[in-house]
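Have a look at structure_10.tsv; it's TSV, C-alpha atoms:
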chain	number	residue	atom	x	y	z
W	788	MET	CA	-22.59	41.34	-61.89
W	789	PHE	CA	-19.64	39.04	-62.34
W	790	LEU	CA	-18.50	36.39	-59.94
W	791	SER	CA	-14.90	36.00	-59.07
W	792	LYS	CA	-13.04	32.90	-60.22
W	793	PRO	CA	-12.84	31.41	-56.69
W	794	LYS	CA	-16.59	31.69	-56.24
W	795	VAL	CA	-17.23	30.09	-59.66
W	796	LEU	CA	-14.94	27.21	-58.74
W	797	VAL	CA	-16.74	26.63	-55.44
W	798	ILE	CA	-20.16	26.69	-57.08
W	799	THR	CA	-18.97	24.29	-59.83
W	800	ILE	CA	-17.58	21.81	-57.31
W	801	ALA	CA	-20.74	21.98	-55.21
W	802	SER	CA	-22.92	21.42	-58.26
W	803	ALA	CA	-20.81	18.42	-59.26
W	804	PHE	CA	-21.21	16.86	-55.81
W	805	ILE	CA	-24.96	17.47	-55.88
W	806	GLY	CA	-25.16	15.89	-59.35
W	807	LEU	CA	-23.14	12.86	-58.29
W	808	PHE	CA	-25.28	12.44	-55.18
W	809	PHE	CA	-28.44	12.60	-57.31
W	810	LEU	CA	-27.10	9.98	-59.73
W	811	PHE	CA	-26.14	7.74	-56.80
W	812	CYS	CA	-29.63	7.94	-55.29
W	813	LEU	CA	-31.25	7.30	-58.68
W	814	GLY	CA	-29.03	4.30	-59.29
W	815	TRP	CA	-29.73	2.90	-55.83
W	816	ALA	CA	-33.48	3.28	-56.36
W	817	ILE	CA	-33.37	1.57	-59.75
W	818	THR	CA	-31.25	-1.28	-58.41
W	819	ASP	CA	-33.56	-1.73	-55.44
W	820	HIS	CA	-36.64	-1.83	-57.62
W	821	TYR	CA	-35.48	-3.94	-60.56
W	822	GLY	CA	-32.74	-5.86	-58.85
W	823	LYS	CA	-35.14	-7.19	-56.21
W	824	GLY	CA	-37.48	-8.49	-58.92
W	825	THR	CA	-34.65	-10.37	-60.56
W	826	SER	CA	-33.60	-11.86	-57.25
W	827	ASP	CA	-37.12	-13.14	-56.54
W	828	LYS	CA	-37.29	-14.73	-59.98
W	829	GLU	CA	-34.02	-16.50	-59.38
W	830	VAL	CA	-35.29	-17.82	-56.06
W	831	ILE	CA	-38.48	-19.13	-57.69
W	832	GLU	CA	-36.53	-20.80	-60.49
W	833	GLU	CA	-34.08	-22.32	-58.04
W	834	THR	CA	-36.92	-23.65	-55.89
W	835	ALA	CA	-38.63	-25.18	-58.92
W	836	ILE	CA	-35.44	-26.91	-60.01
W	837	LYS	CA	-34.83	-28.30	-56.56
W	838	LYS	CA	-38.42	-29.54	-56.34
W	839	ASN	CA	-38.07	-31.37	-59.66
W	840	ASP	CA	-34.92	-33.04	-58.39
W	841	PHE	CA	-37.11	-35.13	-56.08
W	842	PRO	CA	-39.37	-37.46	-58.10
W	843	ASP	CA	-42.87	-38.22	-56.92
W	844	ASP	CA	-43.14	-41.51	-55.05
W	845	PHE	CA	-44.64	-44.42	-56.96
W	846	THR	CA	-45.32	-47.49	-54.87
W	847	VAL	CA	-45.87	-51.06	-55.99
W	848	VAL	CA	-47.14	-53.66	-53.52
W	849	ALA	CA	-46.93	-57.33	-54.51
W	850	ILE	CA	-48.99	-59.93	-52.66
W	851	GLY	CA	-49.76	-63.60	-53.15
W	852	ASP	CA	-47.87	-66.87	-53.39
W	853	SER	CA	-44.48	-68.18	-54.50
W	854	LEU	CA	-44.78	-66.59	-57.95
W	855	THR	CA	-44.84	-63.23	-56.22
W	856	ARG	CA	-41.72	-64.27	-54.32
W	857	GLY	CA	-40.00	-65.31	-57.56
W	858	THR	CA	-39.43	-68.96	-56.64
W	859	GLY	CA	-37.66	-70.73	-59.49
W	860	ASP	CA	-35.65	-67.72	-60.63
W	861	GLU	CA	-32.05	-68.22	-59.57
W	862	THR	CA	-31.53	-64.44	-59.53
W	863	GLY	CA	-34.35	-64.05	-56.99
W	864	LYS	CA	-36.02	-61.31	-59.02
W	865	GLY	CA	-39.05	-63.16	-60.33
W	866	TYR	CA	-41.56	-61.27	-62.42
W	867	VAL	CA	-41.98	-58.60	-59.72
W	868	GLY	CA	-38.30	-57.70	-59.74
W	869	LEU	CA	-38.21	-57.69	-63.53
W	870	VAL	CA	-41.25	-55.41	-63.70
W	871	ILE	CA	-39.57	-52.96	-61.32
W	872	GLU	CA	-36.44	-52.98	-63.50
W	873	ASP	CA	-38.56	-52.34	-66.59
W	874	LEU	CA	-40.31	-49.39	-64.94
W	875	LYS	CA	-36.99	-47.93	-63.84
W	876	SER	CA	-35.66	-48.24	-67.37
W	877	GLU	CA	-38.81	-46.73	-68.89
W	878	TYR	CA	-39.13	-43.74	-66.56
W	879	ASN	CA	-35.56	-43.41	-65.26
W	880	ARG	CA	-36.91	-43.74	-61.74
W	881	LYS	CA	-37.13	-46.69	-59.40
W	882	PRO	CA	-40.52	-47.30	-57.77
W	883	ILE	CA	-40.86	-48.17	-54.11
W	884	ILE	CA	-41.58	-51.90	-53.89
W	885	HIS	CA	-43.04	-53.98	-51.05
W	886	ASN	CA	-43.00	-57.69	-51.89
W	887	LEU	CA	-45.29	-59.44	-49.41
W	888	GLY	CA	-45.59	-62.77	-51.23
W	889	ILE	CA	-45.54	-65.99	-49.19
W	890	ASN	CA	-44.48	-69.35	-50.58
W	891	GLY	CA	-47.32	-71.87	-50.64
W	892	GLN	CA	-50.00	-69.31	-49.81
W	893	VAL	CA	-53.62	-70.07	-50.73
W	894	SER	CA	-56.43	-67.58	-51.18
W	895	LYS	CA	-57.88	-68.14	-47.70
W	896	GLU	CA	-54.54	-67.17	-46.19
W	897	LEU	CA	-54.26	-64.12	-48.43
W	898	VAL	CA	-57.66	-62.94	-47.16
W	899	GLN	CA	-56.18	-62.92	-43.65
W	900	GLN	CA	-52.94	-61.28	-44.76
W	901	VAL	CA	-54.56	-58.24	-46.41
W	902	ARG	CA	-56.41	-57.59	-43.13
W	903	GLN	CA	-53.22	-57.27	-41.10
W	904	PRO	CA	-52.64	-53.64	-39.97
W	905	GLU	CA	-49.15	-53.31	-41.45
W	906	VAL	CA	-50.22	-54.85	-44.76
W	907	LYS	CA	-53.24	-52.53	-44.89
W	908	ARG	CA	-50.92	-49.57	-44.32
W	909	GLN	CA	-48.73	-50.58	-47.23
W	910	ILE	CA	-51.72	-51.26	-49.48
W	911	GLN	CA	-53.09	-47.83	-48.61
W	912	ALA	CA	-49.93	-46.21	-50.00
W	913	ALA	CA	-49.84	-48.32	-53.17
W	914	ASP	CA	-50.28	-47.04	-56.71
W	915	VAL	CA	-50.23	-50.55	-58.17
W	916	ILE	CA	-50.96	-53.90	-56.49
W	917	LEU	CA	-49.65	-57.07	-58.13
W	918	VAL	CA	-51.35	-60.33	-57.19
W	919	THR	CA	-50.61	-63.99	-57.93
W	920	ILE	CA	-52.94	-66.39	-56.15
W	921	GLY	CA	-54.96	-69.50	-56.95
W	922	GLY	CA	-52.31	-71.91	-58.20
W	923	ASN	CA	-52.06	-73.63	-54.83
W	924	ASP	CA	-55.85	-73.64	-54.45
W	925	LEU	CA	-56.24	-75.47	-57.75
W	926	PHE	CA	-53.21	-77.72	-58.12
W	927	GLN	CA	-52.77	-78.62	-54.44
W	928	LYS	CA	-49.17	-79.73	-54.96
W	929	GLY	CA	-50.09	-81.88	-57.96
W	930	LYS	CA	-53.05	-83.70	-56.41
W	931	THR	CA	-55.38	-82.26	-59.02
W	932	LEU	CA	-53.50	-84.22	-61.67
W	933	LEU	CA	-52.83	-87.39	-59.67
W	934	GLU	CA	-56.21	-87.60	-57.99
W	935	TYR	CA	-58.51	-86.04	-60.54
W	936	ASP	CA	-61.87	-85.25	-58.98
W	937	ARG	CA	-64.06	-82.79	-60.85
W	938	GLU	CA	-66.43	-82.31	-57.95
W	939	ALA	CA	-63.58	-81.53	-55.56
W	940	ILE	CA	-62.17	-79.03	-58.04
W	941	THR	CA	-65.56	-77.34	-58.32
W	942	VAL	CA	-65.68	-76.95	-54.54
W	943	SER	CA	-62.14	-75.50	-54.51
W	944	GLN	CA	-63.01	-73.10	-57.29
W	945	LYS	CA	-66.12	-71.83	-55.53
W	946	SER	CA	-64.15	-71.26	-52.34
W	947	PHE	CA	-61.39	-69.47	-54.26
W	948	LEU	CA	-63.78	-67.11	-56.03
W	949	GLY	CA	-65.41	-66.21	-52.73
W	950	ASN	CA	-62.00	-65.48	-51.21
W	951	LEU	CA	-61.06	-63.40	-54.23
W	952	HIS	CA	-64.09	-61.19	-53.67
W	953	GLU	CA	-63.05	-60.72	-50.05
W	954	ILE	CA	-59.50	-59.81	-51.06
W	955	PHE	CA	-60.63	-57.18	-53.56
W	956	LYS	CA	-63.20	-55.74	-51.18
W	957	ASP	CA	-60.65	-55.44	-48.37
W	958	ILE	CA	-58.11	-53.81	-50.67
W	959	ASN	CA	-60.67	-51.28	-51.91
W	960	LYS	CA	-61.71	-50.42	-48.36
W	961	VAL	CA	-58.29	-48.91	-47.74
W	962	ASN	CA	-57.34	-47.96	-51.31
W	963	ASP	CA	-59.85	-47.82	-54.15
W	964	THR	CA	-57.61	-45.87	-56.53
W	965	ALA	CA	-54.70	-48.29	-56.87
W	966	THR	CA	-54.67	-50.48	-59.96
W	967	ILE	CA	-54.88	-54.19	-59.10
W	968	LEU	CA	-53.26	-56.57	-61.57
W	969	LEU	CA	-54.25	-60.18	-60.95
W	970	LEU	CA	-52.30	-62.77	-62.90
W	971	GLY	CA	-54.17	-65.72	-64.33
W	972	LEU	CA	-52.86	-69.28	-64.07
W	973	TYR	CA	-50.74	-71.17	-66.58
W	974	ASN	CA	-50.78	-74.98	-66.78
W	975	PRO	CA	-47.42	-76.52	-65.76
W	976	PHE	CA	-48.79	-80.04	-66.36
W	977	ILE	CA	-49.65	-79.79	-70.06
W	978	ASP	CA	-47.03	-82.32	-71.13
W	979	LEU	CA	-48.02	-84.78	-68.39
W	980	ASP	CA	-51.72	-84.80	-69.17
W	981	GLU	CA	-52.48	-86.91	-72.25
W	982	ASP	CA	-56.20	-86.12	-72.15
W	983	PHE	CA	-55.62	-82.41	-71.52
W	984	ASP	CA	-58.09	-82.42	-68.65
W	985	THR	CA	-55.88	-79.96	-66.76
W	986	ASN	CA	-56.02	-77.58	-69.74
W	987	ARG	CA	-59.79	-77.50	-69.54
W	988	ILE	CA	-59.68	-77.08	-65.77
W	989	VAL	CA	-57.21	-74.19	-65.89
W	990	ARG	CA	-59.06	-72.45	-68.71
W	991	ASP	CA	-62.34	-72.69	-66.81
W	992	TRP	CA	-60.65	-71.51	-63.62
W	993	ASN	CA	-59.20	-68.50	-65.43
W	994	ASN	CA	-62.51	-67.65	-67.08
W	995	GLU	CA	-64.35	-67.65	-63.76
W	996	THR	CA	-61.56	-65.63	-62.16
W	997	ALA	CA	-61.69	-63.05	-64.95
W	998	GLU	CA	-65.44	-62.67	-64.39
W	999	VAL	CA	-64.81	-61.75	-60.75
W	1000	VAL	CA	-62.04	-59.31	-61.65
W	1001	ALA	CA	-64.34	-57.61	-64.17
W	1002	LEU	CA	-66.67	-56.61	-61.33
W	1003	TYR	CA	-64.02	-54.28	-59.90
W	1004	GLU	CA	-63.35	-51.08	-61.82
W	1005	ASN	CA	-59.73	-50.76	-60.66
W	1006	ALA	CA	-58.79	-54.41	-61.33
W	1007	ILE	CA	-57.29	-56.04	-64.42
W	1008	PHE	CA	-57.00	-59.73	-65.21
W	1009	VAL	CA	-53.64	-60.55	-66.82
W	1010	PRO	CA	-53.62	-63.91	-68.70
W	1011	THR	CA	-50.50	-66.08	-68.64
W	1012	PHE	CA	-51.88	-69.42	-69.93
W	1013	ASP	CA	-50.90	-68.77	-73.56
W	1014	LEU	CA	-47.34	-67.77	-72.62
W	1015	PHE	CA	-46.50	-71.31	-71.46
W	1016	GLN	CA	-48.90	-73.32	-73.60
W	1017	LEU	CA	-46.67	-74.31	-76.54
W	1018	SER	CA	-43.28	-74.66	-74.82
W	1019	VAL	CA	-44.06	-75.14	-71.16
W	1020	ASN	CA	-40.88	-77.06	-70.28
W	1021	GLU	CA	-38.70	-74.34	-71.75
W	1022	TYR	CA	-40.07	-71.86	-69.22
W	1023	LEU	CA	-40.32	-74.02	-66.09
W	1024	TYR	CA	-37.88	-74.39	-63.22
W	1025	SER	CA	-36.44	-77.82	-62.36
W	1026	ASP	CA	-39.41	-78.50	-60.06
W	1027	LYS	CA	-41.63	-78.46	-63.17
W	1028	PHE	CA	-44.09	-76.15	-61.47
W	1029	HIS	CA	-42.63	-72.67	-61.01
W	1030	PRO	CA	-41.40	-70.51	-63.87
W	1031	ASN	CA	-37.67	-70.21	-64.46
W	1032	LYS	CA	-35.97	-66.92	-65.28
W	1033	LYS	CA	-37.17	-67.06	-68.90
W	1034	GLY	CA	-40.72	-67.83	-67.76
W	1035	TYR	CA	-40.76	-64.87	-65.38
W	1036	ARG	CA	-39.42	-62.71	-68.19
W	1037	LEU	CA	-42.46	-63.63	-70.30
W	1038	ILE	CA	-44.78	-62.67	-67.46
W	1039	ALA	CA	-42.96	-59.39	-66.76
W	1040	ASP	CA	-43.15	-58.41	-70.44
W	1041	ARG	CA	-46.91	-58.72	-70.23
W	1042	VAL	CA	-47.33	-56.94	-66.89
W	1043	ALA	CA	-44.94	-53.99	-67.16
W	1044	PRO	CA	-46.64	-52.25	-70.14
W	1045	LEU	CA	-49.91	-52.20	-68.20
W	1046	ILE	CA	-48.38	-50.00	-65.49
W	1047	LYS	CA	-48.41	-46.29	-66.24
W	1048	TRP	CA	-46.46	-43.92	-64.04
W	1049	GLU	CA	-49.11	-41.20	-63.98
W	1050	ASP	CA	-46.95	-38.72	-62.06
W	1051	VAL	CA	-43.96	-38.97	-64.36
W	1052	GLU	CA	-44.50	-35.52	-65.91
W	1053	ARG	CA	-45.43	-33.70	-62.73
If you convert what's in this file into structure tokens, what do you get?
Amino acid sequence: MFLSKPKVLVITIASAFIGLFFLFCLGWAITDHYGKGTSDKEVIEETAIKKNDFPDDFTVVAIGDSLTRGTGDETGKGYVGLVIEDLKSEYNRKPIIHNLGINGQVSKELVQQVRQPEVKRQIQAADVILVTIGGNDLFQKGKTLLEYDREAITVSQKSFLGNLHEIFKDINKVNDTATILLLGLYNPFIDLDEDFDTNRIVRDWNNETAEVVALYENAIFVPTFDLFQLSVNEYLYSDKFHPNKKGYRLIADRVAPLIKWEDVER
């Protein structure tokens, strides 16, 4: 049986339409299956990139006396500001910094400060806590040199060490994971003391302080005595007590390498 040419033409056209429709459905199904997977992957990658665009917070809290404030540095940075600059340069990120230093502060006053609600809140968020304290307890605006009294110094030292324990305990109550860096004392009066009594006093003070710091797992004693020992006047401000910009630079160079930005690769 033979089909006429018109019927063959109709069947051919119908078959072509059916074939095209089948190919369309197959293509749509493939695109829906594989194309959707690609789209999800792109979304995941895009989300990851955006997340990495926002660095993890790293917070430094600085407490203590005028050295924390940077007194003597005409730029106002002090060692704290220089340390922050060094960290930014090292990790290409700028830490959050809260500088709570108070000029003239003694250890008894710092005990009260770390118990203030707002200060406790900032300490709680800290990754690193920088501390300078004790210089005013010991030197008492130069009276230690002018009115040398070993017994009085011993009393001051005992009081200071007790306050230091309180400061560390209070910090650890709200944050026992932050690293505490306590700076030791340098002797600004080396050139004025012919008998070097102040050298012996400062060394003893630092040794006793380091013993207290060693009792706290998250605390580090950072010596500064040797930095100023040989050329003290070169690194002192015009008041002959506070460091100048070069003196703070020496301190910052010792402190900054001790701070590790643990979250830098996350």
(request) Go through W:Leu972, W:Val906, W:Leu897, W:Val961 one by one, measure the shortest atom-to-atom distance of each to Gln1016 of chain W using all atoms listed in the file, and give the residue with the smallest value. (result)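 Among W:Leu972, W:Val906, W:Leu897, W:Val961, it is W:Leu972 that comes nearest to Gln1016 of chain W.
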Would you place a box with edges along x, y and z of the file around all atoms of segment 884-895 of chain W listed there, add 6 Å to each of its six sides, and report the centre and edge lengths in Å to one decimal, as JSON?
{"center_x": -49.7, "center_y": -61.9, "center_z": -50.8, "size_x": 28.3, "size_y": 32.0, "size_z": 18.2}
(request) For segment 1030-1039 of chain W, work out the shell of residues within 10 Å, counting all atoms listed in the file and skipping chain neighbours fewer than 4 positions away, then give it as a PyMOL selection string. (result) chain W and resi 854+857-873+970+973+975+1009-1011+1014-1015+1019-1026+1043-1044
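For the pair atom CA of Val901 of chain W and atom CA of Asn886 of chain W, the separation is 12.8 Å.
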Can you spit out segment 867-978 of chain W with C-alpha atoms, as a CSV table (one decimal), in the first residue's frame, from the structure just given?
chain,number,residue,atom,x,y,z
W,867,VAL,CA,49.6,52.0,72.1
W,868,GLY,CA,49.0,53.9,68.9
W,869,LEU,CA,52.3,52.6,67.4
W,870,VAL,CA,51.4,49.1,68.3
W,871,ILE,CA,48.0,49.4,66.5
W,872,GLU,CA,49.8,50.8,63.5
W,873,ASP,CA,52.2,47.9,63.5
W,874,LEU,CA,49.4,45.4,63.7
W,875,LYS,CA,47.5,47.1,60.8
W,876,SER,CA,50.7,46.9,58.7
W,877,GLU,CA,51.4,43.3,59.6
W,878,TYR,CA,47.8,42.0,59.0
W,879,ASN,CA,46.4,44.6,56.7
W,880,ARG,CA,43.6,45.2,59.2
W,881,LYS,CA,43.1,47.7,61.9
W,882,PRO,CA,42.1,46.4,65.3
W,883,ILE,CA,39.4,48.0,67.4
W,884,ILE,CA,41.2,50.0,70.1
W,885,HIS,CA,39.8,51.4,73.4
W,886,ASN,CA,42.4,53.5,75.2
W,887,LEU,CA,41.3,53.9,78.8
W,888,GLY,CA,44.6,55.2,80.3
W,889,ILE,CA,44.4,58.1,82.8
W,890,ASN,CA,47.3,60.5,83.5
W,891,GLY,CA,48.7,60.1,87.0
W,892,GLN,CA,46.8,57.0,87.8
W,893,VAL,CA,48.1,54.7,90.5
W,894,SER,CA,47.3,51.0,91.0
W,895,LYS,CA,44.7,51.6,93.7
W,896,GLU,CA,42.8,53.8,91.2
W,897,LEU,CA,43.1,51.2,88.4
W,898,VAL,CA,41.6,48.6,90.7
W,899,GLN,CA,38.5,50.8,90.9
W,900,GLN,CA,38.5,51.6,87.2
W,901,VAL,CA,38.4,47.9,86.0
W,902,ARG,CA,35.3,47.4,88.2
W,903,GLN,CA,33.3,50.1,86.5
W,904,PRO,CA,30.5,48.6,84.4
W,905,GLU,CA,31.5,50.2,81.1
W,906,VAL,CA,35.1,49.3,81.5
W,907,LYS,CA,34.2,45.7,82.4
W,908,ARG,CA,32.1,45.6,79.2
W,909,GLN,CA,35.0,46.7,77.1
W,910,ILE,CA,37.4,44.3,78.8
W,911,GLN,CA,35.0,41.4,78.2
W,912,ALA,CA,35.2,42.1,74.4
W,913,ALA,CA,39.0,42.4,74.4
W,914,ASP,CA,41.4,40.0,72.7
W,915,VAL,CA,44.5,41.8,74.2
W,916,ILE,CA,44.8,44.0,77.2
W,917,LEU,CA,47.7,46.4,77.5
W,918,VAL,CA,48.6,47.7,80.9
W,919,THR,CA,51.1,50.3,82.2
W,920,ILE,CA,50.9,50.9,85.9
W,921,GLY,CA,53.2,51.2,88.9
W,922,GLY,CA,55.4,54.1,87.9
W,923,ASN,CA,53.4,56.6,89.9
W,924,ASP,CA,53.2,54.2,92.8
W,925,LEU,CA,57.0,53.9,92.9
W,926,PHE,CA,58.3,57.3,91.9
W,927,GLN,CA,55.6,59.5,93.4
W,928,LYS,CA,56.5,62.4,91.2
W,929,GLY,CA,60.2,62.1,92.0
W,930,LYS,CA,59.9,61.8,95.8
W,931,THR,CA,61.5,58.4,95.7
W,932,LEU,CA,64.7,60.0,94.5
W,933,LEU,CA,64.6,63.2,96.5
W,934,GLU,CA,63.4,61.7,99.8
W,935,TYR,CA,64.8,58.2,99.6
W,936,ASP,CA,63.2,56.0,102.2
W,937,ARG,CA,63.7,52.2,101.7
W,938,GLU,CA,61.0,51.3,104.3
W,939,ALA,CA,58.4,53.6,102.6
W,940,ILE,CA,59.3,52.1,99.2
W,941,THR,CA,58.8,48.6,100.6
W,942,VAL,CA,55.3,49.6,101.9
W,943,SER,CA,54.4,51.1,98.5
W,944,GLN,CA,55.6,47.9,96.7
W,945,LYS,CA,53.6,45.6,98.9
W,946,SER,CA,50.5,47.7,98.3
W,947,PHE,CA,51.1,47.8,94.6
W,948,LEU,CA,51.5,44.0,94.3
W,949,GLY,CA,48.3,43.5,96.2
W,950,ASN,CA,46.5,45.9,93.9
W,951,LEU,CA,48.0,44.1,90.9
W,952,HIS,CA,46.5,40.8,92.1
W,953,GLU,CA,43.1,42.5,92.3
W,954,ILE,CA,43.4,44.0,88.9
W,955,PHE,CA,44.2,40.6,87.3
W,956,LYS,CA,41.6,38.8,89.2
W,957,ASP,CA,38.9,41.3,88.2
W,958,ILE,CA,40.0,41.2,84.5
W,959,ASN,CA,39.8,37.4,84.5
W,960,LYS,CA,36.4,37.4,86.1
W,961,VAL,CA,34.9,38.9,83.0
W,962,ASN,CA,37.5,37.7,80.4
W,963,ASP,CA,40.0,34.9,81.1
W,964,THR,CA,40.9,34.3,77.5
W,965,ALA,CA,42.4,37.7,76.6
W,966,THR,CA,46.1,38.1,76.7
W,967,ILE,CA,47.3,40.6,79.3
W,968,LEU,CA,50.6,42.4,78.6
W,969,LEU,CA,51.9,44.3,81.6
W,970,LEU,CA,54.8,46.6,80.9
W,971,GLY,CA,57.6,46.7,83.4
W,972,LEU,CA,59.2,50.0,84.6
W,973,TYR,CA,62.2,51.8,83.2
W,974,ASN,CA,64.3,54.1,85.3
W,975,PRO,CA,64.1,57.7,84.1
W,976,PHE,CA,66.5,58.9,86.9
W,977,ILE,CA,69.5,56.8,86.1
W,978,ASP,CA,71.7,59.9,85.2
